[in-house]
$ cat protein33.csv   # CSV, C-alpha atoms
chain,number,residue,atom,x,y,z
R,1,MET,CA,47.6,74.7,81.4
R,2,ASN,CA,46.8,71.6,83.3
R,3,THR,CA,44.1,69.1,82.4
R,4,LEU,CA,41.3,68.8,85.0
R,5,ASP,CA,41.3,65.7,87.2
R,6,THR,CA,38.6,63.2,86.4
R,7,GLU,CA,38.5,60.8,89.4
R,8,ALA,CA,34.8,60.1,89.5
R,9,GLY,CA,31.8,60.1,87.1
R,10,ILE,CA,31.7,61.9,83.8
R,11,PRO,CA,34.4,64.5,83.6
R,12,VAL,CA,33.2,68.1,83.8
R,13,ARG,CA,34.9,68.9,80.4
R,14,ASP,CA,32.5,66.3,78.8
R,15,ARG,CA,29.4,68.1,80.2
R,16,VAL,CA,29.9,71.6,79.0
R,17,THR,CA,28.3,73.7,76.3
R,18,PRO,CA,29.4,77.1,74.8
R,19,LEU,CA,27.8,80.1,76.4
R,20,ARG,CA,24.8,81.5,74.6
R,21,GLY,CA,25.5,84.9,73.2
R,22,SER,CA,29.2,84.7,74.0
R,23,GLY,CA,30.3,85.4,70.4
R,24,ASN,CA,29.0,89.0,70.5
R,25,GLY,CA,31.5,91.8,70.8
R,26,LEU,CA,34.7,89.7,71.1
R,27,PRO,CA,37.8,91.9,70.6
R,28,ALA,CA,40.0,91.0,67.7
R,29,PRO,CA,43.3,89.5,68.8
R,30,THR,CA,46.5,91.5,68.2
R,31,TRP,CA,50.2,90.6,67.9
R,32,HIS,CA,52.7,92.3,70.2
R,33,ARG,CA,56.4,92.3,70.7
R,34,ALA,CA,55.7,93.2,74.3
R,35,ARG,CA,58.3,94.8,76.5
R,36,VAL,CA,58.8,92.9,79.8
R,37,LEU,CA,58.3,95.4,82.7
R,38,ALA,CA,58.6,93.0,85.6
R,39,SER,CA,59.7,89.4,86.0
R,40,THR,CA,59.8,88.0,89.6
R,41,PRO,CA,59.3,84.8,91.5
R,42,HIS,CA,55.9,84.6,93.2
R,43,GLY,CA,55.0,82.2,96.0
R,44,ARG,CA,56.1,78.6,95.6
R,45,GLY,CA,56.6,77.5,92.0
R,46,TYR,CA,55.1,80.5,90.4
R,47,HIS,CA,56.5,83.4,88.4
R,48,PHE,CA,55.0,86.9,87.8
R,49,LEU,CA,55.3,88.8,84.5
R,50,ARG,CA,54.1,92.3,83.7
R,51,LEU,CA,54.0,93.0,80.0
R,52,GLU,CA,53.5,96.2,78.0
R,53,ALA,CA,50.7,95.3,75.6
R,54,PRO,CA,48.3,98.3,75.3
R,55,SER,CA,45.7,96.9,72.8
R,56,ILE,CA,45.3,93.7,74.9
R,57,ALA,CA,45.1,95.6,78.1
R,58,ARG,CA,42.5,97.9,76.6
R,59,THR,CA,40.2,95.2,75.1
R,60,CYS,CA,40.7,92.0,77.1
R,61,GLN,CA,37.5,90.6,78.7
R,62,ALA,CA,37.3,88.7,82.0
R,63,GLY,CA,38.5,85.1,81.5
R,64,GLN,CA,40.2,85.6,78.2
R,65,PHE,CA,43.8,84.4,77.6
R,66,VAL,CA,47.0,85.1,75.6
R,67,MET,CA,49.6,83.0,73.9
R,68,LEU,CA,53.2,83.7,75.0
R,69,THR,CA,56.1,82.6,72.9
R,70,ALA,CA,59.0,81.4,75.0
R,71,ALA,CA,61.6,81.6,72.2
R,72,ARG,CA,63.8,84.6,71.9
R,73,ASP,CA,65.0,86.1,68.6
R,74,GLY,CA,67.8,83.9,67.3
R,75,ASP,CA,66.8,80.8,69.3
R,76,SER,CA,67.4,77.6,67.2
R,77,ASP,CA,65.1,75.4,69.1
R,78,PRO,CA,61.4,75.5,68.1
R,79,VAL,CA,59.2,76.2,71.1
R,80,LEU,CA,55.4,76.3,70.9
R,81,PRO,CA,53.7,79.2,72.5
R,82,ARG,CA,52.0,78.7,75.9
R,83,PRO,CA,48.4,79.7,76.7
R,84,MET,CA,48.2,81.9,79.8
R,85,ALA,CA,45.2,83.4,81.5
R,86,VAL,CA,45.4,87.2,82.0
R,87,TYR,CA,45.9,87.6,85.7
R,88,GLY,CA,45.3,91.3,85.7
R,89,ARG,CA,45.3,94.3,83.4
R,90,ASN,CA,45.7,98.0,83.5
R,91,PRO,CA,44.1,99.7,80.5
R,92,VAL,CA,45.4,103.1,81.5
R,93,ALA,CA,49.1,101.9,81.8
R,94,GLY,CA,48.7,99.5,78.9
R,95,THR,CA,49.9,96.5,80.8
R,96,ILE,CA,48.8,92.9,81.4
R,97,ASP,CA,49.9,90.7,84.3
R,98,ILE,CA,50.6,87.0,83.9
R,99,LEU,CA,51.1,84.5,86.7
R,100,LEU,CA,52.5,81.2,85.5
R,101,GLY,CA,53.4,77.9,87.1
R,102,VAL,CA,57.0,77.0,86.4
R,103,VAL,CA,56.6,73.3,85.5
R,104,GLY,CA,58.5,72.5,82.3
R,105,ASP,CA,61.0,73.8,79.7
R,106,GLY,CA,58.6,76.3,78.2
R,107,THR,CA,57.5,77.9,81.4
R,108,ARG,CA,61.1,78.0,82.6
R,109,ARG,CA,62.0,79.9,79.5
R,110,LEU,CA,59.2,82.3,80.0
R,111,ALA,CA,60.3,82.9,83.6
R,112,SER,CA,63.9,83.6,82.4
R,113,PHE,CA,62.8,86.8,80.5
R,114,ARG,CA,64.1,89.9,82.2
R,115,PRO,CA,62.9,93.6,82.2
R,116,ASP,CA,63.3,95.4,78.9
R,117,GLU,CA,63.4,92.1,76.9
R,118,ARG,CA,60.7,91.6,74.3
R,119,MET,CA,58.3,88.7,74.3
R,120,LEU,CA,55.9,87.7,71.5
R,121,VAL,CA,52.3,87.9,72.8
R,122,VAL,CA,49.1,87.2,70.9
R,123,GLY,CA,45.7,88.1,72.4
R,124,PRO,CA,43.2,88.5,73.8
R,125,LEU,CA,41.9,85.1,72.8
R,126,GLY,CA,38.9,82.9,73.6
R,127,ARG,CA,35.5,83.6,75.1
R,128,GLY,CA,35.5,84.7,78.7
R,129,PHE,CA,33.0,84.8,81.6
R,130,ARG,CA,29.6,86.4,81.2
R,131,ILE,CA,27.7,88.1,83.9
R,132,ALA,CA,24.0,88.5,83.4
R,133,ARG,CA,22.3,91.9,83.7
R,134,ARG,CA,20.3,90.8,86.7
R,135,THR,CA,23.2,89.3,88.6
R,136,ARG,CA,24.0,91.0,91.9
R,137,ARG,CA,26.3,88.4,93.5
R,138,VAL,CA,28.9,86.1,91.9
R,139,LEU,CA,30.9,83.3,93.6
R,140,LEU,CA,34.4,82.7,92.2
R,141,VAL,CA,36.0,79.4,93.2
R,142,GLY,CA,39.6,78.7,92.0
R,143,ARG,CA,42.4,76.3,92.8
R,144,GLY,CA,46.1,77.0,92.4
R,145,ILE,CA,47.1,78.5,89.1
R,146,GLY,CA,43.5,78.1,87.8
R,147,THR,CA,42.5,81.0,90.0
R,148,CYS,CA,44.3,83.3,87.4
R,149,SER,CA,41.4,82.7,85.1
R,150,LEU,CA,39.0,84.3,87.6
R,151,THR,CA,40.8,87.4,89.0
R,152,THR,CA,39.9,89.6,86.0
R,153,VAL,CA,36.2,89.0,86.8
R,154,ALA,CA,36.8,90.8,90.2
R,155,GLN,CA,38.8,93.5,88.4
R,156,GLU,CA,36.1,94.1,85.8
R,157,TYR,CA,33.3,94.5,88.3
R,158,ALA,CA,35.2,96.4,91.0
R,159,GLY,CA,33.2,99.4,92.1
R,160,THR,CA,29.9,98.2,90.6
R,161,ASP,CA,26.8,96.9,92.3
R,162,VAL,CA,27.9,93.3,91.5
R,163,GLU,CA,29.3,91.8,94.7
R,164,ILE,CA,32.2,89.3,94.3
R,165,VAL,CA,32.7,86.4,96.8
R,166,ALA,CA,35.9,84.6,96.2
R,167,VAL,CA,37.5,81.3,97.2
R,168,ALA,CA,41.2,80.8,96.5
R,169,SER,CA,42.4,77.3,97.2
R,170,GLY,CA,45.9,75.8,97.3
R,171,ARG,CA,48.1,73.1,98.9
R,172,SER,CA,49.6,75.6,101.3
R,173,ALA,CA,49.6,79.3,101.9
R,174,ASP,CA,52.5,79.9,99.4
R,175,ARG,CA,50.5,78.0,96.7
R,176,VAL,CA,47.3,80.1,97.1
R,177,VAL,CA,46.9,82.5,94.1
R,178,GLY,CA,44.8,85.6,93.7
R,179,GLY,CA,44.5,87.2,97.1
R,180,ASP,CA,46.5,90.2,96.0
R,181,VAL,CA,44.3,90.9,93.0
R,182,TYR,CA,41.1,90.3,94.8
R,183,ARG,CA,42.0,92.6,97.7
R,184,ALA,CA,43.1,95.3,95.3
R,185,ALA,CA,39.7,95.0,93.5
R,186,GLY,CA,37.9,95.6,96.8
R,187,VAL,CA,36.8,92.0,97.4
R,188,THR,CA,36.0,91.8,101.1
R,189,ARG,CA,34.5,88.3,101.2
R,190,LEU,CA,37.6,86.3,100.4
R,191,HIS,CA,38.3,82.8,101.6
R,192,GLU,CA,41.9,81.6,101.2
R,193,VAL,CA,41.9,77.9,102.0
R,194,THR,CA,44.6,75.3,102.0
R,195,ASP,CA,45.2,71.5,102.2
R,196,ASP,CA,47.7,71.7,105.0
R,197,THR,CA,45.1,73.3,107.3
R,198,GLY,CA,42.2,71.2,106.1
R,199,SER,CA,40.2,74.3,105.2
R,200,SER,CA,40.2,73.3,101.5
R,201,ASP,CA,38.4,70.0,102.2
R,202,VAL,CA,35.4,70.0,99.9
R,203,THR,CA,32.9,69.1,102.7
R,204,ARG,CA,34.3,71.9,105.0
R,205,LEU,CA,34.2,74.3,102.1
R,206,ARG,CA,30.6,73.3,101.2
R,207,ASP,CA,29.5,73.8,104.8
R,208,MET,CA,31.2,77.2,105.0
R,209,LEU,CA,29.8,78.5,101.8
R,210,THR,CA,26.2,77.3,102.4
R,211,ALA,CA,26.3,78.8,105.9
R,212,ASP,CA,27.6,82.1,104.5
R,213,LEU,CA,25.4,82.3,101.4
R,214,ASP,CA,22.2,80.3,101.8
R,215,GLN,CA,20.3,83.4,102.9
R,216,ALA,CA,21.4,85.5,99.9
R,217,PRO,CA,22.9,83.1,97.4
R,218,PRO,CA,24.8,84.1,94.2
R,219,GLN,CA,23.0,84.1,90.9
R,220,GLN,CA,26.2,82.9,89.2
R,221,ILE,CA,29.2,80.7,90.1
R,222,MET,CA,32.5,80.7,88.2
R,223,THR,CA,35.3,78.2,88.7
R,224,CYS,CA,38.6,76.9,87.3
R,225,GLY,CA,41.5,74.6,88.3
R,226,SER,CA,39.9,71.6,90.0
R,227,GLU,CA,37.5,68.9,89.0
R,228,ARG,CA,36.4,68.4,92.7
R,229,LEU,CA,35.7,72.1,93.1
R,230,ALA,CA,33.9,72.2,89.8
R,231,ARG,CA,31.6,69.4,91.1
R,232,LEU,CA,31.1,71.3,94.3
R,233,CYS,CA,30.1,74.4,92.2
R,234,GLU,CA,27.7,72.2,90.3
R,235,GLU,CA,26.1,71.0,93.6
R,236,LEU,CA,25.9,74.6,94.9
R,237,GLY,CA,24.4,75.7,91.5
R,238,ARG,CA,21.6,73.2,91.9
R,239,ARG,CA,21.1,74.2,95.5
R,240,TRP,CA,20.8,77.9,94.7
R,241,ALA,CA,19.4,77.6,91.1
R,242,ALA,CA,22.6,79.5,90.0
R,243,ASP,CA,24.2,79.6,86.6
R,244,VAL,CA,27.6,77.8,86.7
R,245,GLN,CA,30.5,78.6,84.3
R,246,VAL,CA,33.8,76.8,84.2
R,247,SER,CA,37.0,77.8,82.5
R,248,LEU,CA,38.7,74.7,81.1
R,249,GLU,CA,42.5,74.3,80.9
R,250,ALA,CA,44.3,72.6,78.0
R,251,HIS,CA,47.6,72.4,76.2
R,252,MET,CA,47.3,74.4,73.0
R,253,ALA,CA,49.5,74.8,69.9
R,254,CYS,CA,48.0,77.9,68.3
R,255,GLY,CA,45.2,79.3,70.5
R,256,LEU,CA,43.3,80.4,67.4
R,257,GLY,CA,41.4,77.3,66.4
R,258,TYR,CA,43.7,76.3,63.4
R,259,CYS,CA,45.2,73.1,64.8
R,260,HIS,CA,42.0,71.7,66.5
R,261,GLY,CA,44.2,70.2,69.2
R,262,CYS,CA,42.2,71.3,72.2
R,263,ALA,CA,38.7,69.8,71.9
R,264,THR,CA,36.8,69.6,75.2
R,265,GLY,CA,36.0,65.9,75.1
R,266,THR,CA,35.7,62.7,73.1
R,267,ARG,CA,34.6,63.0,69.5
R,268,SER,CA,31.0,61.8,69.1
R,269,GLY,CA,29.8,60.7,65.7
R,270,PRO,CA,30.7,63.1,62.8
R,271,GLU,CA,30.9,66.2,65.0
R,272,GLU,CA,33.9,67.5,66.8
R,273,SER,CA,33.6,68.5,70.4
R,274,PRO,CA,33.8,72.3,71.1
R,275,LEU,CA,37.4,73.7,71.0
R,276,ILE,CA,38.6,75.2,74.2
R,277,CYS,CA,40.5,78.0,72.5
R,278,THR,CA,37.6,79.4,70.3
R,279,ASP,CA,34.4,78.1,71.8
R,280,GLY,CA,35.8,78.6,75.3
R,281,PRO,CA,37.8,78.5,77.5
R,282,VAL,CA,34.7,79.4,79.5
R,283,PHE,CA,31.7,77.1,79.2
R,284,ARG,CA,28.5,76.5,81.0
R,285,LEU,CA,27.9,73.3,82.9
R,286,THR,CA,25.0,71.6,81.1
R,287,TYR,CA,22.9,70.5,84.1
R,288,GLN,CA,20.9,73.8,84.1
R,289,ASP,CA,17.4,73.6,82.6
R,290,THR,CA,17.1,77.3,82.2
R,291,HIS,CA,19.8,79.8,81.4
R,292,LEU,CA,20.4,83.4,82.4
R,293,ASP,CA,20.7,85.9,79.5
R,294,VAL,CA,24.4,86.6,79.6
R,295,ASP,CA,24.4,89.1,76.7
R,296,ARG,CA,25.8,92.4,78.1
$ encode --input "protein33.csv" --output "structure tokens"
Amino acid sequence: MNTLDTEAGIPVRDRVTPLRGSGNGLPAPTWHRARVLASTPHGRGYHFLRLEAPSIARTCQAGQFVMLTAARDGDSDPVLPRPMAVYGRNPVAGTIDILLGVVGDGTRRLASFRPDERMLVVGPLGRGFRIARRTRRVLLVGRGIGTCSLTTVAQEYAGTDVEIVAVASGRSADRVVGGDVYRAAGVTRLHEVTDDTGSSDVTRLRDMLTADLDQAPPQQIMTCGSERLARLCEELGRRWAADVQVSLEAHMACGLGYCHGCATGTRSGPEESPLICTDGPVFRLTYQDTHLDVDR
């Protein structure tokens, strides 16, 4: 996963706190030698995997992730597993979907798996997004591959009285992620915005969202994939008195909290910053003076 950009002010990752109540009811992670059911290129620079992992598909909560091992049986080169957001899941079929950006040796190896091969998968991991009982509208704002952390929110609340409004941002149309999952989940207020058309410009996006939502704003905002969009979500959260949750991205060696290699920010005094893998990856931005009760 990519580290968030920090071009101005205090980085978002240094201003987060673990969600209150988010430790309740977390599913126990399981180990799978998952059969690969589909492995296909997707858009520009992305690759789609569908894996047979029944226990993960059944228990995974919105915003959790898995660790995928790129090494095959008999490989001599040690390859650390890669953390990947669960892009979609089907509890009935027992499958999980992963969309990965092909950017290095590990992700190229993952993309090289073919149907009927077996891949080592551990999950579900981490603490996901939490929607409060009184919430009736949620705004999801994602950029590039970061949108994969948000799509299961739409899946989980499809057909309920929680309305999902979604923004999927990318450099170009073939770099925008999530539209297929959002539409399948029944999201009708979907904004796919791009750099090459100028529609992803933060000022234009702010104007569009405030014009669309000021009269009936969301009670919660969830974001991943861009420091600039996270700051926009913070601004909108202040404007609408909304709870803002952010999924942080990081390189991880274990995903279970053993290695302590994915702290959110700089160590302060004797205490370590929260770990993205076990205290997150979803955190609350700390500007809020009051918090929604997110226990489900």
$ closest_residue --input "protein33.csv" --among "R:Ile145, R:Leu139, R:Met208, R:Cys259" --to "Arg171 of chain R" --atoms "only C-alpha atoms"
R:Ile145
$ atom_distance --input "protein33.csv" --atom1 "atom CA of Ile221 of chain R" --atom2 "atom CA of His251 of chain R"
24.5 Å
$ atom_distance --input "protein33.csv" --atom1 "atom CA of Thr197 of chain R" --atom2 "atom CA of Ser172 of chain R"
7.8 Å
$ residues_around --input "protein33.csv" --residues "Thr188 of chain R" --least-positions-apart "6" --cutoff "10 Å" --atoms "all atoms listed in the file" --output "PDB file with C-alpha atoms, in the coordinates of the input"
ATOM      1  CA  GLU R 163      29.300  91.800  94.700  1.00  0.00           C
ATOM      2  CA  ILE R 164      32.200  89.300  94.300  1.00  0.00           C
ATOM      3  CA  VAL R 165      32.700  86.400  96.800  1.00  0.00           C
ATOM      4  CA  ALA R 166      35.900  84.600  96.200  1.00  0.00           C
ATOM      5  CA  TYR R 182      41.100  90.300  94.800  1.00  0.00           C
TER       6      TYR R 182
END
$ closest_residue --input "protein33.csv" --among "R:Leu26, R:Val162, R:Leu80, R:Ala250" --to "Val187 of chain R" --atoms "all atoms listed in the file"
R:Val162
$ closest_residue --input "protein33.csv" --among "R:Cys60, R:Thr152, R:Glu52, R:Gly144" --to "Pro115 of chain R" --atoms "all atoms listed in the file"
R:Glu52
$ residues_around --input "protein33.csv" --residues "Tyr157 of chain R" --least-positions-apart "2" --cutoff "12 Å" --atoms "only C-alpha atoms" --output "ChimeraX atom specification"
/R:61-62,129-131,135-138,150-155,159-165,182,185-187
$ atom_distance --input "protein33.csv" --atom1 "atom CA of Arg89 of chain R" --atom2 "atom CA of Leu256 of chain R"
21.3 Å
$ residues_around --input "protein33.csv" --residues "Arg82 of chain R" --least-positions-apart "3" --cutoff "8 Å" --atoms "only C-alpha atoms" --output "list in words"
Met67, Leu68, Thr69, Ala70, Gly106, Thr107, His251, Met252 and Ala253 of chain R
$ residues_near_point --input "protein33.csv" --point "(36.3, 76.2, 81.7)" --cutoff "9 Å" --atoms "all atoms listed in the file" --output "CSV table (one decimal) with C-alpha atoms, keeping the file's coordinate frame"
chain,number,residue,atom,x,y,z
R,12,VAL,CA,33.2,68.1,83.8
R,13,ARG,CA,34.9,68.9,80.4
R,16,VAL,CA,29.9,71.6,79.0
R,149,SER,CA,41.4,82.7,85.1
R,222,MET,CA,32.5,80.7,88.2
R,223,THR,CA,35.3,78.2,88.7
R,224,CYS,CA,38.6,76.9,87.3
R,225,GLY,CA,41.5,74.6,88.3
R,245,GLN,CA,30.5,78.6,84.3
R,246,VAL,CA,33.8,76.8,84.2
R,247,SER,CA,37.0,77.8,82.5
R,248,LEU,CA,38.7,74.7,81.1
R,249,GLU,CA,42.5,74.3,80.9
R,276,ILE,CA,38.6,75.2,74.2
R,280,GLY,CA,35.8,78.6,75.3
R,281,PRO,CA,37.8,78.5,77.5
R,282,VAL,CA,34.7,79.4,79.5
R,283,PHE,CA,31.7,77.1,79.2
R,284,ARG,CA,28.5,76.5,81.0
R,285,LEU,CA,27.9,73.3,82.9
$ closest_residue --input "protein33.csv" --among "R:Leu213, R:Ala184, R:Ala85, R:Ala241" --to "Cys148 of chain R" --atoms "only C-alpha atoms"
R:Ala85
$ closest_residue --input "protein33.csv" --among "R:Thr59, R:Ser169, R:Ser112, R:Asn90" --to "Ser199 of chain R" --atoms "only C-alpha atoms"
R:Ser169
$ closest_residue --input "protein33.csv" --among "R:Thr40, R:Thr286, R:Ser226, R:Ser55" --to "Gly146 of chain R" --atoms "only C-alpha atoms"
R:Ser226
$ decode --input "protein33.csv" --residues "segment 192-287 of chain R" --atoms "C-alpha atoms" --output "PDB file, in the first residue's frame"
ATOM      1  CA  GLU R 192     -16.263   9.420 -11.001  1.00  0.00           C
ATOM      2  CA  VAL R 193     -13.758  12.278 -11.338  1.00  0.00           C
ATOM      3  CA  THR R 194     -10.401  12.512 -13.113  1.00  0.00           C
ATOM      4  CA  ASP R 195      -7.343  14.721 -13.352  1.00  0.00           C
ATOM      5  CA  ASP R 196      -7.374  14.880 -17.148  1.00  0.00           C
ATOM      6  CA  THR R 197     -10.865  16.415 -17.188  1.00  0.00           C
ATOM      7  CA  GLY R 198     -10.190  18.657 -14.190  1.00  0.00           C
ATOM      8  CA  SER R 199     -13.182  17.213 -12.338  1.00  0.00           C
ATOM      9  CA  SER R 200     -10.929  15.818  -9.560  1.00  0.00           C
ATOM     10  CA  ASP R 201      -9.624  19.288  -8.658  1.00  0.00           C
ATOM     11  CA  VAL R 202     -10.211  19.704  -4.926  1.00  0.00           C
ATOM     12  CA  THR R 203     -11.908  23.095  -5.255  1.00  0.00           C
ATOM     13  CA  ARG R 204     -14.281  21.824  -7.969  1.00  0.00           C
ATOM     14  CA  LEU R 205     -14.980  18.701  -5.957  1.00  0.00           C
ATOM     15  CA  ARG R 206     -15.697  20.734  -2.809  1.00  0.00           C
ATOM     16  CA  ASP R 207     -18.102  22.979  -4.706  1.00  0.00           C
ATOM     17  CA  MET R 208     -19.885  19.994  -6.248  1.00  0.00           C
ATOM     18  CA  LEU R 209     -20.265  18.141  -2.958  1.00  0.00           C
ATOM     19  CA  THR R 210     -21.428  21.139  -0.962  1.00  0.00           C
ATOM     20  CA  ALA R 211     -23.976  22.058  -3.628  1.00  0.00           C
ATOM     21  CA  ASP R 212     -25.211  18.460  -3.677  1.00  0.00           C
ATOM     22  CA  LEU R 213     -25.194  17.720   0.050  1.00  0.00           C
ATOM     23  CA  ASP R 214     -25.485  20.935   2.083  1.00  0.00           C
ATOM     24  CA  GLN R 215     -29.253  20.582   2.401  1.00  0.00           C
ATOM     25  CA  ALA R 216     -29.014  17.001   3.659  1.00  0.00           C
ATOM     26  CA  PRO R 217     -25.395  16.322   4.636  1.00  0.00           C
ATOM     27  CA  PRO R 218     -23.930  12.948   5.554  1.00  0.00           C
ATOM     28  CA  GLN R 219     -23.460  12.122   9.204  1.00  0.00           C
ATOM     29  CA  GLN R 220     -20.225  10.248   8.397  1.00  0.00           C
ATOM     30  CA  ILE R 221     -17.434  10.616   5.836  1.00  0.00           C
ATOM     31  CA  MET R 222     -14.945   7.853   4.983  1.00  0.00           C
ATOM     32  CA  THR R 223     -11.830   8.247   2.856  1.00  0.00           C
ATOM     33  CA  CYS R 224      -8.655   6.557   1.628  1.00  0.00           C
ATOM     34  CA  GLY R 225      -5.898   7.108  -0.915  1.00  0.00           C
ATOM     35  CA  SER R 226      -5.049  10.813  -0.899  1.00  0.00           C
ATOM     36  CA  GLU R 227      -3.821  13.338   1.659  1.00  0.00           C
ATOM     37  CA  ARG R 228      -5.499  16.173  -0.255  1.00  0.00           C
ATOM     38  CA  LEU R 229      -8.845  14.378  -0.300  1.00  0.00           C
ATOM     39  CA  ALA R 230      -8.472  13.506   3.377  1.00  0.00           C
ATOM     40  CA  ARG R 231      -8.009  17.197   4.114  1.00  0.00           C
ATOM     41  CA  LEU R 232     -11.078  17.989   2.015  1.00  0.00           C
ATOM     42  CA  CYS R 233     -13.033  15.402   4.012  1.00  0.00           C
ATOM     43  CA  GLU R 234     -11.829  17.063   7.217  1.00  0.00           C
ATOM     44  CA  GLU R 235     -13.068  20.429   5.934  1.00  0.00           C
ATOM     45  CA  LEU R 236     -16.431  18.944   4.967  1.00  0.00           C
ATOM     46  CA  GLY R 237     -16.641  17.179   8.316  1.00  0.00           C
ATOM     47  CA  ARG R 238     -16.281  20.513  10.089  1.00  0.00           C
ATOM     48  CA  ARG R 239     -18.844  22.112   7.777  1.00  0.00           C
ATOM     49  CA  TRP R 240     -21.419  19.373   8.350  1.00  0.00           C
ATOM     50  CA  ALA R 241     -20.449  18.347  11.907  1.00  0.00           C
ATOM     51  CA  ALA R 242     -19.802  14.873  10.485  1.00  0.00           C
ATOM     52  CA  ASP R 243     -17.647  12.055  11.818  1.00  0.00           C
ATOM     53  CA  VAL R 244     -14.599  11.493   9.553  1.00  0.00           C
ATOM     54  CA  GLN R 245     -12.830   8.133   9.299  1.00  0.00           C
ATOM     55  CA  VAL R 246      -9.708   7.520   7.246  1.00  0.00           C
ATOM     56  CA  SER R 247      -8.139   4.245   6.158  1.00  0.00           C
ATOM     57  CA  LEU R 248      -4.347   4.540   6.245  1.00  0.00           C
ATOM     58  CA  GLU R 249      -2.056   2.713   3.852  1.00  0.00           C
ATOM     59  CA  ALA R 250       1.327   1.261   4.754  1.00  0.00           C
ATOM     60  CA  HIS R 251       3.918  -1.342   3.916  1.00  0.00           C
ATOM     61  CA  MET R 252       3.547  -4.276   6.299  1.00  0.00           C
ATOM     62  CA  ALA R 253       5.658  -7.335   7.021  1.00  0.00           C
ATOM     63  CA  CYS R 254       3.173  -9.390   9.042  1.00  0.00           C
ATOM     64  CA  GLY R 255      -0.222  -7.642   9.258  1.00  0.00           C
ATOM     65  CA  LEU R 256      -0.740  -9.067  12.760  1.00  0.00           C
ATOM     66  CA  GLY R 257       1.133  -6.612  14.970  1.00  0.00           C
ATOM     67  CA  TYR R 258       4.168  -8.795  15.645  1.00  0.00           C
ATOM     68  CA  CYS R 259       6.793  -6.746  13.804  1.00  0.00           C
ATOM     69  CA  HIS R 260       5.614  -3.238  14.854  1.00  0.00           C
ATOM     70  CA  GLY R 261       6.702  -1.955  11.462  1.00  0.00           C
ATOM     71  CA  CYS R 262       3.594   0.051  10.559  1.00  0.00           C
ATOM     72  CA  ALA R 263       3.163   2.718  13.249  1.00  0.00           C
ATOM     73  CA  THR R 264       0.952   5.608  12.162  1.00  0.00           C
ATOM     74  CA  GLY R 265       3.392   8.411  12.944  1.00  0.00           C
ATOM     75  CA  THR R 266       6.466   9.541  14.823  1.00  0.00           C
ATOM     76  CA  ARG R 267       7.145   7.967  18.204  1.00  0.00           C
ATOM     77  CA  SER R 268       6.400  10.434  20.996  1.00  0.00           C
ATOM     78  CA  GLY R 269       8.058   9.874  24.354  1.00  0.00           C
ATOM     79  CA  PRO R 270       7.928   6.321  25.700  1.00  0.00           C
ATOM     80  CA  GLU R 271       4.733   5.390  23.852  1.00  0.00           C
ATOM     81  CA  GLU R 272       4.563   3.957  20.348  1.00  0.00           C
ATOM     82  CA  SER R 273       2.130   5.403  17.838  1.00  0.00           C
ATOM     83  CA  PRO R 274      -0.881   3.187  17.033  1.00  0.00           C
ATOM     84  CA  LEU R 275      -0.160   0.374  14.583  1.00  0.00           C
ATOM     85  CA  ILE R 276      -1.970   0.510  11.266  1.00  0.00           C
ATOM     86  CA  CYS R 277      -2.440  -3.263  11.136  1.00  0.00           C
ATOM     87  CA  THR R 278      -4.010  -3.824  14.568  1.00  0.00           C
ATOM     88  CA  ASP R 279      -5.263  -0.424  15.747  1.00  0.00           C
ATOM     89  CA  GLY R 280      -6.377   0.404  12.185  1.00  0.00           C
ATOM     90  CA  PRO R 281      -6.219   0.573   9.249  1.00  0.00           C
ATOM     91  CA  VAL R 282      -9.304   2.717   9.859  1.00  0.00           C
ATOM     92  CA  PHE R 283      -8.916   5.628  12.274  1.00  0.00           C
ATOM     93  CA  ARG R 284     -10.873   8.730  13.192  1.00  0.00           C
ATOM     94  CA  LEU R 285      -9.509  12.176  12.402  1.00  0.00           C
ATOM     95  CA  THR R 286      -8.982  13.811  15.775  1.00  0.00           C
ATOM     96  CA  TYR R 287     -10.426  17.254  15.097  1.00  0.00           C
TER      97      TYR R 287
END
